[in-house]
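Next up, final_7.txt (compact mmCIF, C-alpha atoms and all ligand atoms):
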```
# COMPACT_ATOMS: atom_id res chain seq x y z
CA MET A 1 0.00 0.00 0.00
CA LYS A 2 1.25 3.47 -0.88
CA LEU A 3 0.25 6.32 1.45
CA LEU A 4 0.39 10.03 0.74
CA VAL A 5 0.91 11.77 4.08
CA THR A 6 0.32 15.53 3.95
CA GLY A 7 1.92 17.64 6.68
CA GLY A 8 4.32 14.79 7.46
CA ALA A 9 7.12 17.15 8.53
CA GLY A 10 4.99 18.57 11.36
CA PHE A 11 4.45 17.18 14.84
CA ILE A 12 1.78 14.47 14.48
CA GLY A 13 2.54 13.80 10.81
CA SER A 14 6.22 13.01 11.44
CA ASN A 15 5.32 10.73 14.35
CA PHE A 16 2.78 9.01 12.06
CA VAL A 17 5.33 8.49 9.26
CA ARG A 18 7.74 6.89 11.76
CA HIS A 19 4.92 4.79 13.23
CA VAL A 20 3.78 3.44 9.86
CA LEU A 21 7.27 2.60 8.60
CA ARG A 22 7.98 0.78 11.86
CA GLU A 23 4.66 -1.10 12.15
CA ARG A 24 3.92 -1.98 8.52
CA SER A 25 6.60 -3.41 6.24
CA ASP A 26 4.07 -3.54 3.35
CA VAL A 27 3.56 0.24 3.30
CA GLU A 28 5.41 2.93 1.35
CA VAL A 29 5.02 6.58 2.32
CA VAL A 30 5.21 9.75 0.27
CA THR A 31 5.30 12.81 2.52
CA LEU A 32 4.02 16.09 1.08
CA ASP A 33 4.83 19.16 3.15
CA ALA A 34 5.29 22.85 2.37
CA LEU A 35 7.76 23.29 5.27
CA THR A 36 6.01 26.30 6.76
CA TYR A 37 7.35 27.66 10.07
CA ALA A 38 5.89 24.50 11.70
CA GLY A 39 7.38 21.98 9.25
CA ASN A 40 10.88 20.74 9.90
CA LEU A 41 12.91 18.14 8.04
CA ALA A 42 14.77 17.43 11.28
CA ASN A 43 11.51 15.79 12.45
CA LEU A 44 12.00 13.15 9.75
CA ALA A 45 15.80 12.82 9.96
CA ASP A 46 15.67 9.25 11.25
CA VAL A 47 13.61 8.02 8.26
CA ALA A 48 15.46 10.09 5.64
CA GLY A 49 17.42 7.08 4.40
CA ASP A 50 14.49 4.65 4.39
CA PRO A 51 13.86 3.38 0.82
CA ARG A 52 10.13 3.13 1.64
CA HIS A 53 9.93 6.86 2.35
CA GLU A 54 10.02 9.80 -0.03
CA PHE A 55 9.78 13.48 0.90
CA VAL A 56 8.26 15.98 -1.53
CA ARG A 57 8.19 19.68 -0.73
CA GLY A 58 4.94 21.21 -1.96
CA ASP A 59 1.84 23.11 -1.01
CA ILE A 60 -1.53 21.36 -0.70
CA THR A 61 -3.23 24.40 -2.26
CA ASP A 62 -1.19 23.90 -5.47
CA ALA A 63 -3.73 21.88 -7.50
CA ALA A 64 -1.38 20.91 -10.34
CA ALA A 65 1.36 19.67 -8.01
CA VAL A 66 -1.10 17.76 -5.84
CA ARG A 67 -2.71 16.13 -8.85
CA ARG A 68 0.65 15.01 -10.26
CA LEU A 69 1.53 13.42 -6.95
CA VAL A 70 -1.79 11.69 -6.32
CA GLU A 71 -1.73 10.22 -9.81
CA ARG A 72 1.45 8.33 -8.95
CA GLY A 73 -0.49 5.29 -7.72
CA ILE A 74 -1.46 6.51 -4.25
CA ASP A 75 -3.80 4.08 -2.44
CA ALA A 76 -4.71 6.28 0.52
CA VAL A 77 -4.24 9.90 1.60
CA VAL A 78 -3.69 10.64 5.29
CA HIS A 79 -4.25 14.38 5.58
CA PHE A 80 -2.52 16.22 8.44
CA ALA A 81 -1.31 19.39 6.67
CA ALA A 82 -2.84 22.42 8.37
CA GLU A 83 -2.24 25.63 10.16
CA SER A 84 -2.72 24.31 13.68
CA HIS A 85 -2.22 26.99 16.32
CA VAL A 86 -5.25 28.77 17.81
CA ASP A 87 -3.30 31.89 18.88
CA ARG A 88 -1.96 32.39 15.36
CA SER A 89 -5.49 32.00 13.96
CA ILE A 90 -6.59 34.87 16.21
CA GLU A 91 -3.82 37.10 14.84
CA ASP A 92 -4.12 36.11 11.17
CA PRO A 93 -7.09 33.87 10.20
CA GLU A 94 -6.75 34.04 6.42
CA VAL A 95 -4.00 31.48 5.93
CA PHE A 96 -6.06 29.08 8.08
CA LEU A 97 -8.94 29.23 5.63
CA LYS A 98 -6.60 28.86 2.68
CA THR A 99 -4.64 25.87 3.95
CA ASN A 100 -7.25 24.11 6.06
CA LEU A 101 -10.27 24.55 3.81
CA ILE A 102 -9.00 25.22 0.27
CA GLY A 103 -6.09 22.80 0.75
CA THR A 104 -8.50 20.07 1.82
CA HIS A 105 -10.68 20.81 -1.21
CA VAL A 106 -7.67 20.52 -3.56
CA LEU A 107 -6.70 17.16 -2.05
CA LEU A 108 -10.27 15.80 -2.15
CA ASP A 109 -10.60 16.84 -5.78
CA ALA A 110 -7.32 15.17 -6.77
CA ALA A 111 -8.20 12.03 -4.79
CA ARG A 112 -11.58 11.79 -6.50
CA ARG A 113 -10.11 12.17 -10.00
CA ALA A 114 -7.39 9.59 -9.34
CA ARG A 115 -9.88 7.23 -7.65
CA VAL A 116 -7.83 7.01 -4.47
CA ARG A 117 -9.28 4.20 -2.37
CA ARG A 118 -9.30 6.02 1.00
CA PHE A 119 -9.04 9.58 2.32
CA LEU A 120 -8.36 9.93 6.04
CA HIS A 121 -8.98 13.48 7.21
CA VAL A 122 -7.28 14.28 10.51
CA SER A 123 -9.45 16.71 12.44
CA THR A 124 -9.80 17.92 16.01
CA ASP A 125 -12.14 17.99 19.01
CA GLU A 126 -12.03 21.79 18.75
CA VAL A 127 -14.73 21.68 16.05
CA TYR A 128 -17.28 20.89 18.79
CA GLY A 129 -16.50 24.07 20.74
CA SER A 130 -16.43 24.35 24.52
CA LEU A 131 -18.00 22.17 27.23
CA GLY A 132 -19.21 23.06 30.72
CA ALA A 133 -18.07 21.05 33.72
CA GLU A 134 -20.10 17.95 32.78
CA GLY A 135 -20.42 15.63 29.77
CA LYS A 136 -18.34 14.66 26.76
CA PHE A 137 -18.63 15.25 23.03
CA THR A 138 -19.78 12.35 20.87
CA GLU A 139 -19.49 12.23 17.08
CA ASP A 140 -23.12 13.47 16.93
CA SER A 141 -22.50 16.61 18.99
CA PRO A 142 -23.19 19.82 17.06
CA LEU A 143 -20.24 21.70 15.54
CA ARG A 144 -19.77 25.00 17.42
CA PRO A 145 -16.19 26.06 16.71
CA GLY A 146 -14.89 28.80 19.00
CA SER A 147 -11.80 30.05 17.14
CA PRO A 148 -10.90 30.79 13.51
CA TYR A 149 -8.67 27.65 13.61
CA ALA A 150 -11.56 25.47 14.82
CA ALA A 151 -13.94 27.04 12.28
CA SER A 152 -11.54 26.29 9.42
CA LYS A 153 -11.26 22.65 10.56
CA ALA A 154 -15.05 22.34 10.96
CA ALA A 155 -15.55 23.74 7.45
CA ALA A 156 -13.09 21.17 6.08
CA ASP A 157 -14.87 18.35 7.95
CA LEU A 158 -18.19 19.37 6.38
CA LEU A 159 -16.61 19.50 2.93
CA VAL A 160 -15.23 15.96 3.36
CA LEU A 161 -18.68 14.65 4.33
CA ALA A 162 -20.28 16.53 1.42
CA CYS A 163 -17.81 14.90 -1.00
CA VAL A 164 -18.68 11.44 0.32
CA ASN A 165 -22.35 12.24 -0.24
CA THR A 166 -22.02 13.96 -3.63
CA TYR A 167 -19.20 12.10 -5.37
CA GLY A 168 -19.18 8.83 -3.45
CA ILE A 169 -15.53 9.17 -2.49
CA ASP A 170 -14.33 6.99 0.38
CA ALA A 171 -13.39 9.20 3.33
CA VAL A 172 -13.11 8.93 7.10
CA ILE A 173 -12.77 11.78 9.61
CA THR A 174 -10.96 11.56 12.94
CA ARG A 175 -11.32 14.09 15.74
CA SER A 176 -8.60 13.78 18.32
CA SER A 177 -8.11 15.55 21.61
CA ASN A 178 -4.90 17.50 22.43
CA ASN A 179 -1.72 15.58 21.52
CA PHE A 180 1.67 15.71 23.20
CA GLY A 181 4.99 13.97 22.63
CA PRO A 182 8.31 14.43 20.82
CA TYR A 183 8.78 16.93 17.96
CA GLN A 184 5.85 19.17 18.95
CA PHE A 185 6.39 22.78 17.95
CA PRO A 186 7.08 24.77 21.14
CA GLU A 187 4.19 27.17 20.59
CA LYS A 188 1.81 24.52 22.00
CA VAL A 189 1.50 24.53 25.75
CA ILE A 190 3.42 21.38 26.79
CA PRO A 191 6.62 21.90 24.76
CA LEU A 192 6.43 25.67 25.36
CA PHE A 193 6.25 25.26 29.13
CA VAL A 194 8.84 22.46 29.27
CA THR A 195 11.39 24.36 27.18
CA ASN A 196 10.74 27.68 28.97
CA ALA A 197 11.17 25.96 32.34
CA LEU A 198 14.38 24.27 31.17
CA ALA A 199 15.69 27.75 30.26
CA ASP A 200 14.35 29.31 33.54
CA GLU A 201 12.01 31.55 31.52
CA PRO A 202 8.44 32.45 32.64
CA LEU A 203 5.48 30.16 31.85
CA PRO A 204 2.58 32.33 30.56
CA LEU A 205 -0.58 30.67 31.92
CA TYR A 206 -3.73 32.11 30.32
CA GLY A 207 -6.61 33.46 32.42
CA ASP A 208 -7.16 31.63 35.71
CA GLY A 209 -5.42 28.44 34.53
CA GLY A 210 -8.68 26.53 35.03
CA ASN A 211 -9.26 25.58 31.38
CA VAL A 212 -9.38 21.81 30.85
CA ARG A 213 -7.82 19.85 28.01
CA ASP A 214 -8.16 16.10 27.29
CA TRP A 215 -4.61 14.81 26.60
CA ILE A 216 -3.41 11.92 24.44
CA HIS A 217 0.13 10.82 23.64
CA VAL A 218 0.85 11.22 19.93
CA GLU A 219 1.80 7.52 19.53
CA ASP A 220 -1.66 6.43 20.74
CA HIS A 221 -3.25 8.85 18.26
CA CYS A 222 -1.07 7.50 15.42
CA ALA A 223 -2.00 3.91 16.25
CA ALA A 224 -5.70 4.84 16.03
CA LEU A 225 -5.16 6.56 12.67
CA LEU A 226 -3.38 3.56 11.17
CA LEU A 227 -6.18 1.24 12.32
CA LEU A 228 -8.75 3.54 10.72
CA VAL A 229 -6.90 3.66 7.39
CA ASP A 230 -7.80 -0.03 7.14
CA ARG A 231 -10.93 -0.36 9.21
CA GLY A 232 -12.76 2.97 9.37
CA ARG A 233 -16.13 3.07 7.63
CA SER A 234 -16.51 5.62 4.86
CA GLY A 235 -18.53 8.70 5.76
CA GLN A 236 -17.99 8.13 9.47
CA VAL A 237 -16.42 10.34 12.12
CA TYR A 238 -14.31 8.84 14.95
CA ASN A 239 -13.36 10.65 18.14
CA VAL A 240 -9.87 9.76 19.45
CA SER A 241 -9.24 10.28 23.17
CA ALA A 242 -7.50 8.66 26.13
CA SER A 243 -9.90 10.39 28.59
CA GLU A 244 -7.14 12.24 30.43
CA GLU A 245 -8.56 15.58 31.52
CA HIS A 246 -6.34 18.07 33.34
CA THR A 247 -6.61 21.78 34.06
CA ASN A 248 -3.79 23.88 32.66
CA ARG A 249 -2.78 24.69 36.21
CA GLN A 250 -2.47 21.00 37.13
CA LEU A 251 -0.50 20.37 33.95
CA THR A 252 1.84 23.30 34.63
CA ALA A 253 2.46 22.19 38.22
CA ALA A 254 3.19 18.62 37.01
CA ILE A 255 5.76 19.89 34.48
CA LEU A 256 7.53 22.11 37.03
CA ARG A 257 7.54 19.34 39.65
CA ARG A 258 9.14 16.86 37.26
CA LEU A 259 11.79 19.39 36.23
CA GLY A 260 12.48 20.44 39.84
CA LYS A 261 11.68 24.07 38.94
CA PRO A 262 9.82 26.56 41.20
CA GLU A 263 6.17 27.60 40.71
CA THR A 264 7.39 31.22 40.79
CA LEU A 265 8.10 30.73 37.07
CA ILE A 266 4.31 30.78 36.45
CA ARG A 267 2.88 34.10 35.19
CA LEU A 268 -0.90 34.43 35.06
CA VAL A 269 -1.33 36.47 31.87
CA ALA A 270 -4.26 37.96 29.92
CA ASP A 271 -6.58 35.24 28.65
CA ARG A 272 -6.74 34.09 25.03
CA PRO A 273 -9.78 35.78 23.41
CA GLY A 274 -12.67 33.31 23.12
CA HIS A 275 -10.71 30.68 25.08
CA ASP A 276 -12.65 27.38 25.07
CA ARG A 277 -13.13 26.31 28.69
CA ARG A 278 -13.14 22.53 28.46
CA TYR A 279 -12.70 19.76 25.89
CA ALA A 280 -13.59 16.11 26.58
CA LEU A 281 -14.29 13.37 24.06
CA ASP A 282 -16.18 10.08 24.14
CA ALA A 283 -14.09 7.66 22.03
CA GLY A 284 -16.42 4.66 22.54
CA LYS A 285 -17.15 4.32 18.81
CA LEU A 286 -13.45 3.94 17.91
CA ARG A 287 -12.98 1.39 20.72
CA ARG A 288 -16.04 -0.66 19.74
CA GLU A 289 -15.29 -0.73 16.00
CA THR A 290 -11.52 -1.27 16.02
CA GLY A 291 -10.59 -2.56 19.49
CA TRP A 292 -8.20 0.42 19.88
CA GLU A 293 -7.10 1.28 23.41
CA PRO A 294 -4.60 3.94 24.49
CA ARG A 295 -1.42 2.24 25.69
CA ARG A 296 0.26 5.08 27.57
CA ARG A 297 -0.79 6.48 30.94
CA PHE A 298 -0.66 10.25 31.12
CA ASP A 299 1.88 10.51 33.97
CA GLU A 300 4.44 8.20 32.37
CA ALA A 301 3.89 9.66 28.91
CA LEU A 302 4.43 13.19 30.26
CA GLU A 303 7.59 12.02 32.00
CA GLY A 304 8.89 10.49 28.75
CA THR A 305 8.00 13.62 26.80
CA ILE A 306 9.81 15.89 29.23
CA ALA A 307 12.86 13.60 29.00
CA TRP A 308 12.76 13.87 25.21
CA TYR A 309 12.91 17.70 25.31
CA ARG A 310 15.67 17.53 27.91
CA GLU A 311 17.69 15.23 25.67
CA ASN A 312 16.97 17.12 22.45
CA GLU A 313 17.88 20.66 23.42
CA GLY A 314 19.55 21.25 20.05
CA TRP A 315 16.23 20.50 18.30
CA TRP A 316 14.12 22.97 20.30
CA ARG A 317 16.75 25.68 20.58
CA ALA A 318 17.02 25.72 16.76
CA VAL A 319 13.22 25.76 16.40
CA LYS A 320 12.84 28.57 18.96
CA SER A 321 15.01 30.93 16.97
CA GLY A 322 14.00 32.53 13.66
CA GLU A 323 10.33 32.96 12.78
CA TYR A 324 9.25 31.65 16.17
CA ARG A 325 10.77 34.64 17.95
CA ARG A 326 8.74 37.12 15.93
CA PHE A 327 5.37 35.61 16.88
CA TYR A 328 6.46 34.94 20.44
CA GLU A 329 7.59 38.50 21.10
CA GLN A 330 4.43 39.97 19.55
CA TRP A 331 1.91 37.63 21.22
CA TYR A 332 3.46 37.22 24.65
CA GLY A 333 5.45 40.45 24.92
CA GLY A 334 2.53 42.59 26.12
CA ARG A 335 1.08 39.76 28.23
CA LEU A 336 4.31 39.08 30.09
CA ARG A 337 4.99 42.78 30.71
CA ALA A 338 1.41 43.54 31.89
P1 LIG B 401 1.85 21.12 12.97
O1 LIG B 401 1.54 22.58 12.91
O2 LIG B 401 2.92 20.63 13.88
O3 LIG B 401 2.20 20.58 11.49
C1 LIG B 401 1.52 21.01 10.36
C2 LIG B 401 2.35 20.60 9.15
O4 LIG B 401 1.61 20.94 7.97
C3 LIG B 401 3.71 21.31 9.06
O5 LIG B 401 4.72 20.37 8.74
C4 LIG B 401 3.52 22.31 7.94
O6 LIG B 401 4.71 22.59 7.23
C5 LIG B 401 2.51 21.58 7.06
N1 LIG B 401 1.74 22.52 6.23
C6 LIG B 401 1.12 23.67 6.63
N2 LIG B 401 0.55 24.28 5.58
C7 LIG B 401 0.80 23.50 4.50
C8 LIG B 401 0.46 23.59 3.13
N3 LIG B 401 -0.26 24.62 2.65
N4 LIG B 401 0.86 22.60 2.30
C9 LIG B 401 1.59 21.57 2.76
N5 LIG B 401 1.96 21.43 4.04
C10 LIG B 401 1.56 22.39 4.90
O7 LIG B 401 0.45 20.44 13.32
P2 LIG B 401 0.13 19.12 14.16
O8 LIG B 401 -0.04 19.48 15.58
O9 LIG B 401 1.06 18.04 13.77
O10 LIG B 401 -1.33 18.79 13.59
C11 LIG B 401 -1.51 17.97 12.44
C12 LIG B 401 -2.98 17.81 12.15
O11 LIG B 401 -3.64 17.23 13.28
C13 LIG B 401 -3.70 19.14 11.86
O12 LIG B 401 -4.62 18.92 10.83
C14 LIG B 401 -4.41 19.45 13.18
O13 LIG B 401 -5.59 20.18 12.94
C15 LIG B 401 -4.74 18.04 13.68
N6 LIG B 401 -4.84 17.90 15.14
C16 LIG B 401 -3.83 18.34 15.96
C17 LIG B 401 -3.95 18.15 17.34
C18 LIG B 401 -2.85 18.58 18.27
O14 LIG B 401 -3.01 18.50 19.50
N7 LIG B 401 -1.69 19.01 17.80
C19 LIG B 401 -5.08 17.55 17.88
C20 LIG B 401 -6.10 17.12 17.00
C21 LIG B 401 -5.96 17.29 15.63
P1 LIG B 402 -2.57 24.86 23.04
O1 LIG B 402 -1.39 24.00 23.29
O2 LIG B 402 -2.40 26.12 22.26
O3 LIG B 402 -3.68 23.92 22.42
P2 LIG B 402 -5.26 24.23 22.13
O4 LIG B 402 -5.51 25.67 22.21
O5 LIG B 402 -5.38 23.72 20.74
O6 LIG B 402 -6.02 23.42 23.14
O7 LIG B 402 -3.18 25.27 24.45
C1 LIG B 402 -3.57 24.27 25.40
C2 LIG B 402 -4.14 24.99 26.61
O8 LIG B 402 -3.09 25.74 27.24
C3 LIG B 402 -5.21 25.99 26.26
O9 LIG B 402 -6.22 25.99 27.26
C4 LIG B 402 -4.49 27.33 26.26
C5 LIG B 402 -3.42 27.13 27.31
N1 LIG B 402 -2.18 27.91 27.07
C6 LIG B 402 -1.65 28.73 28.08
O10 LIG B 402 -2.21 28.82 29.20
N2 LIG B 402 -0.51 29.44 27.82
C7 LIG B 402 0.13 29.36 26.61
O11 LIG B 402 1.16 30.04 26.42
C8 LIG B 402 -0.41 28.49 25.60
C9 LIG B 402 0.24 28.35 24.25
C10 LIG B 402 -1.57 27.79 25.88
```

Would you mind writing the file's structure down as structure tokens?
Ligand code: NAD
Ligand code: TYD
Amino acid sequence: MKLLVTGGAGFIGSNFVRHVLRERSDVEVVTLDALTYAGNLANLADVAGDPRHEFVRGDITDAAAVRRLVERGIDAVVHFAAESHVDRSIEDPEVFLKTNLIGTHVLLDAARRARVRRFLHVSTDEVYGSLGAEGKFTEDSPLRPGSPYAASKAAADLLVLACVNTYGIDAVITRSSNNFGPYQFPEKVIPLFVTNALADEPLPLYGDGGNVRDWIHVEDHCAALLLLVDRGRSGQVYNVSASEEHTNRQLTAAILRRLGKPETLIRLVADRPGHDRRYALDAGKLRRETGWEPRRRFDEALEGTIAWYRENEGWWRAVKSGEYRRFYEQWYGGRLRA
């Protein structure tokens, strides 16, 4: 089987490429990635010499390039490529609509023309919006996105389902909760806080720190995705969650404790506009249909993740220079000084 993995030089995509090449000797992977600020060939360095892996630099909104690639005998598309950071979507929503919605359209169109057998669209729990203290989202919960990022992903999800209905293409949608693990861009809270703490820099905690996220280790997410490439039913949505809810304050305290750093590094800063209060997913459908279970407990997985950033200082120091600095200074500068 030949997979086209879009966004494979990003966080989850690069972990997925590694996962597939390790778990499935019958699979070849072509990675398509534009190498935006979030894409990094260093994330794929350990599979660079693998004869079953090919990297192609290209933009998913470039219809001619995408079509040429998909027509090279691709069996399934696993679509990760996206603008993925909520704070950036608040500052500059347009590129989110272009990449996340138009890019998905371009890929769906090419997949339809080339009669690709399966399209796996990697989406997010953020399309459901925010929960109160009780309950969990199921796949039937209404879509109420609360940020431009979430709205662009929800729009793409609806387009995928419309293409199944209209053109009869074979497509599956996954909606995962917040991922963590190695190679995550340090704009997301776990790698940001771990690397700031390692450098004795402040940890900017938004609002009252009481927002809740449902965490899953990236390897457990990747295992679910690979199962669904084979066993997901077309036109269906699958939530992916390990049911590990933690407030941001609890998470921050756990990171500092493990690193032996003081809580005085925490700065309560101005809240993110429109900040979703709580995410929690019911992943019963995925469990029932595929037998998937998360294999990593949160505490141990967080420990392993922190160790990875400790041991890969060269990776995150390189990433935290350049373009990263510009956004960081602009977004956090005022908050940290206030
Ligand atoms: P990321 O930002 O780390 O990686 C995104 C990748 O897409 C980068 O390599 C980037 O270069 C590439 N890309 C961006 N625009 C592109 C374009 N126009 N053409 C080609 N490549 C382009 O993101 P991530 O955290 O790995 O997320 C991957 C996917 O998973 C996204 O679709 C995201 O919505 C979804 N998701 C993420 C999480 C999470 O917690 N990180 C949770 C659920 C779902
Ligand atoms: P993030 O990693 O950006 O993921 P998402 O917004 O997609 O859930 O943020 C996770 C949580 O951490 C979210 O509630 C916002 C909070 N947060 C902070 O408190 N400070 C920060 O600097 C960042 C980036 C996030």

Kindly compile the residues surrounding ligand LIG 402 (chain B) within 9 Å, counting all atoms listed in the file, and format them as a compact mmCIF listing (two decimals) with C-alpha atoms, keeping the file's coordinate frame.
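Result saved to out_25.txt:
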```
# COMPACT_ATOMS: atom_id res chain seq x y z
CA SER A 84 -2.72 24.31 13.68
CA HIS A 85 -2.22 26.99 16.32
CA VAL A 86 -5.25 28.77 17.81
CA ASP A 87 -3.30 31.89 18.88
CA THR A 124 -9.80 17.92 16.01
CA GLU A 126 -12.03 21.79 18.75
CA TYR A 149 -8.67 27.65 13.61
CA ALA A 150 -11.56 25.47 14.82
CA SER A 177 -8.11 15.55 21.61
CA ASN A 178 -4.90 17.50 22.43
CA ASN A 179 -1.72 15.58 21.52
CA PHE A 180 1.67 15.71 23.20
CA PRO A 186 7.08 24.77 21.14
CA GLU A 187 4.19 27.17 20.59
CA LYS A 188 1.81 24.52 22.00
CA VAL A 189 1.50 24.53 25.75
CA ILE A 190 3.42 21.38 26.79
CA PRO A 191 6.62 21.90 24.76
CA LEU A 192 6.43 25.67 25.36
CA PHE A 193 6.25 25.26 29.13
CA LEU A 203 5.48 30.16 31.85
CA PRO A 204 2.58 32.33 30.56
CA LEU A 205 -0.58 30.67 31.92
CA TYR A 206 -3.73 32.11 30.32
CA GLY A 207 -6.61 33.46 32.42
CA ASP A 208 -7.16 31.63 35.71
CA GLY A 209 -5.42 28.44 34.53
CA GLY A 210 -8.68 26.53 35.03
CA ASN A 211 -9.26 25.58 31.38
CA VAL A 212 -9.38 21.81 30.85
CA ARG A 213 -7.82 19.85 28.01
CA ASP A 214 -8.16 16.10 27.29
CA THR A 247 -6.61 21.78 34.06
CA ASN A 248 -3.79 23.88 32.66
CA ARG A 249 -2.78 24.69 36.21
CA LEU A 251 -0.50 20.37 33.95
CA THR A 252 1.84 23.30 34.63
CA LEU A 268 -0.90 34.43 35.06
CA VAL A 269 -1.33 36.47 31.87
CA ASP A 271 -6.58 35.24 28.65
CA ARG A 272 -6.74 34.09 25.03
CA HIS A 275 -10.71 30.68 25.08
CA ASP A 276 -12.65 27.38 25.07
CA ARG A 277 -13.13 26.31 28.69
CA ARG A 278 -13.14 22.53 28.46
CA TYR A 279 -12.70 19.76 25.89
CA TYR A 332 3.46 37.22 24.65
```

Proximity check chain A to ligand LIG 401 (chain B), 8 Å, nearest pairs one decimal Å, only C-alpha atoms and all ligand atoms, as a tab-separated table:
```
residue	atom	partner	partner_atom	distance
A:Thr6	CA	B:LIG401	N5	6.1
A:Gly7	CA	B:LIG401	O4	3.6
A:Gly8	CA	B:LIG401	O5	5.7
A:Ala9	CA	B:LIG401	O5	4.0
A:Gly10	CA	B:LIG401	O5	3.2
A:Phe11	CA	B:LIG401	O9	3.7
A:Ile12	CA	B:LIG401	O9	3.7
A:Gly13	CA	B:LIG401	O9	5.4
A:Ser14	CA	B:LIG401	O9	7.6
A:Leu32	CA	B:LIG401	C9	6.2
A:Asp33	CA	B:LIG401	N5	3.8
A:Ala34	CA	B:LIG401	C9	3.9
A:Leu35	CA	B:LIG401	O6	3.7
A:Thr36	CA	B:LIG401	O6	4.0
A:Tyr37	CA	B:LIG401	O6	6.4
A:Ala38	CA	B:LIG401	C3	4.7
A:Gly39	CA	B:LIG401	O5	3.2
A:Asn40	CA	B:LIG401	O5	6.3
A:Arg57	CA	B:LIG401	C9	7.7
A:Gly58	CA	B:LIG401	C9	5.8
A:Asp59	CA	B:LIG401	N4	3.5
A:Ile60	CA	B:LIG401	N4	4.0
A:Thr61	CA	B:LIG401	N3	5.7
A:His79	CA	B:LIG401	O12	7.0
A:Phe80	CA	B:LIG401	C12	4.1
A:Ala81	CA	B:LIG401	O4	3.6
A:Ala82	CA	B:LIG401	C6	4.5
A:Glu83	CA	B:LIG401	C6	5.3
A:Ser84	CA	B:LIG401	O1	4.7
A:His85	CA	B:LIG401	O1	6.7
A:Lys98	CA	B:LIG401	N3	7.6
A:Thr99	CA	B:LIG401	N3	4.7
A:Asn100	CA	B:LIG401	O12	7.5
A:Gly103	CA	B:LIG401	N3	6.4
A:His121	CA	B:LIG401	O12	7.9
A:Val122	CA	B:LIG401	O12	5.4
A:Ser123	CA	B:LIG401	C21	4.8
A:Thr124	CA	B:LIG401	C21	3.9
A:Asp125	CA	B:LIG401	C20	6.4
A:Glu126	CA	B:LIG401	C20	7.7
A:Lys153	CA	B:LIG401	O13	6.6
A:Arg175	CA	B:LIG401	C20	6.2
A:Ser176	CA	B:LIG401	C20	4.4
A:Ser177	CA	B:LIG401	C19	5.2
A:Asn178	CA	B:LIG401	O14	3.6
A:Asn179	CA	B:LIG401	O14	3.8
A:Phe180	CA	B:LIG401	O14	6.6
A:Gln184	CA	B:LIG401	O2	6.0
A:Phe185	CA	B:LIG401	O2	5.8
A:Lys188	CA	B:LIG401	N7	7.8
```

Note to self: For a test of reading the model, state the distance in Å between atom CA of A:Glu329 and atom CA of A:Pro273, rounded to one decimal.
What the structure shows: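 Atom CA of A:Pro273 lies 17.7 Å from atom CA of A:Glu329.
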
Margin query: Taking all atoms listed in the file into account, name the residue in A:Ser152, A:Thr166, A:Thr104, A:Ser234 that is nearest to A:Val127.
Written below: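 Closest residue, counting all atoms listed in the file: A:Ser152.
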
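Among the candidate residues A:Phe55, A:Trp308, A:Trp215, A:Tyr183, the one lying nearest to A:Asn43 is A:Tyr183, with distances computed using only C-alpha atoms.
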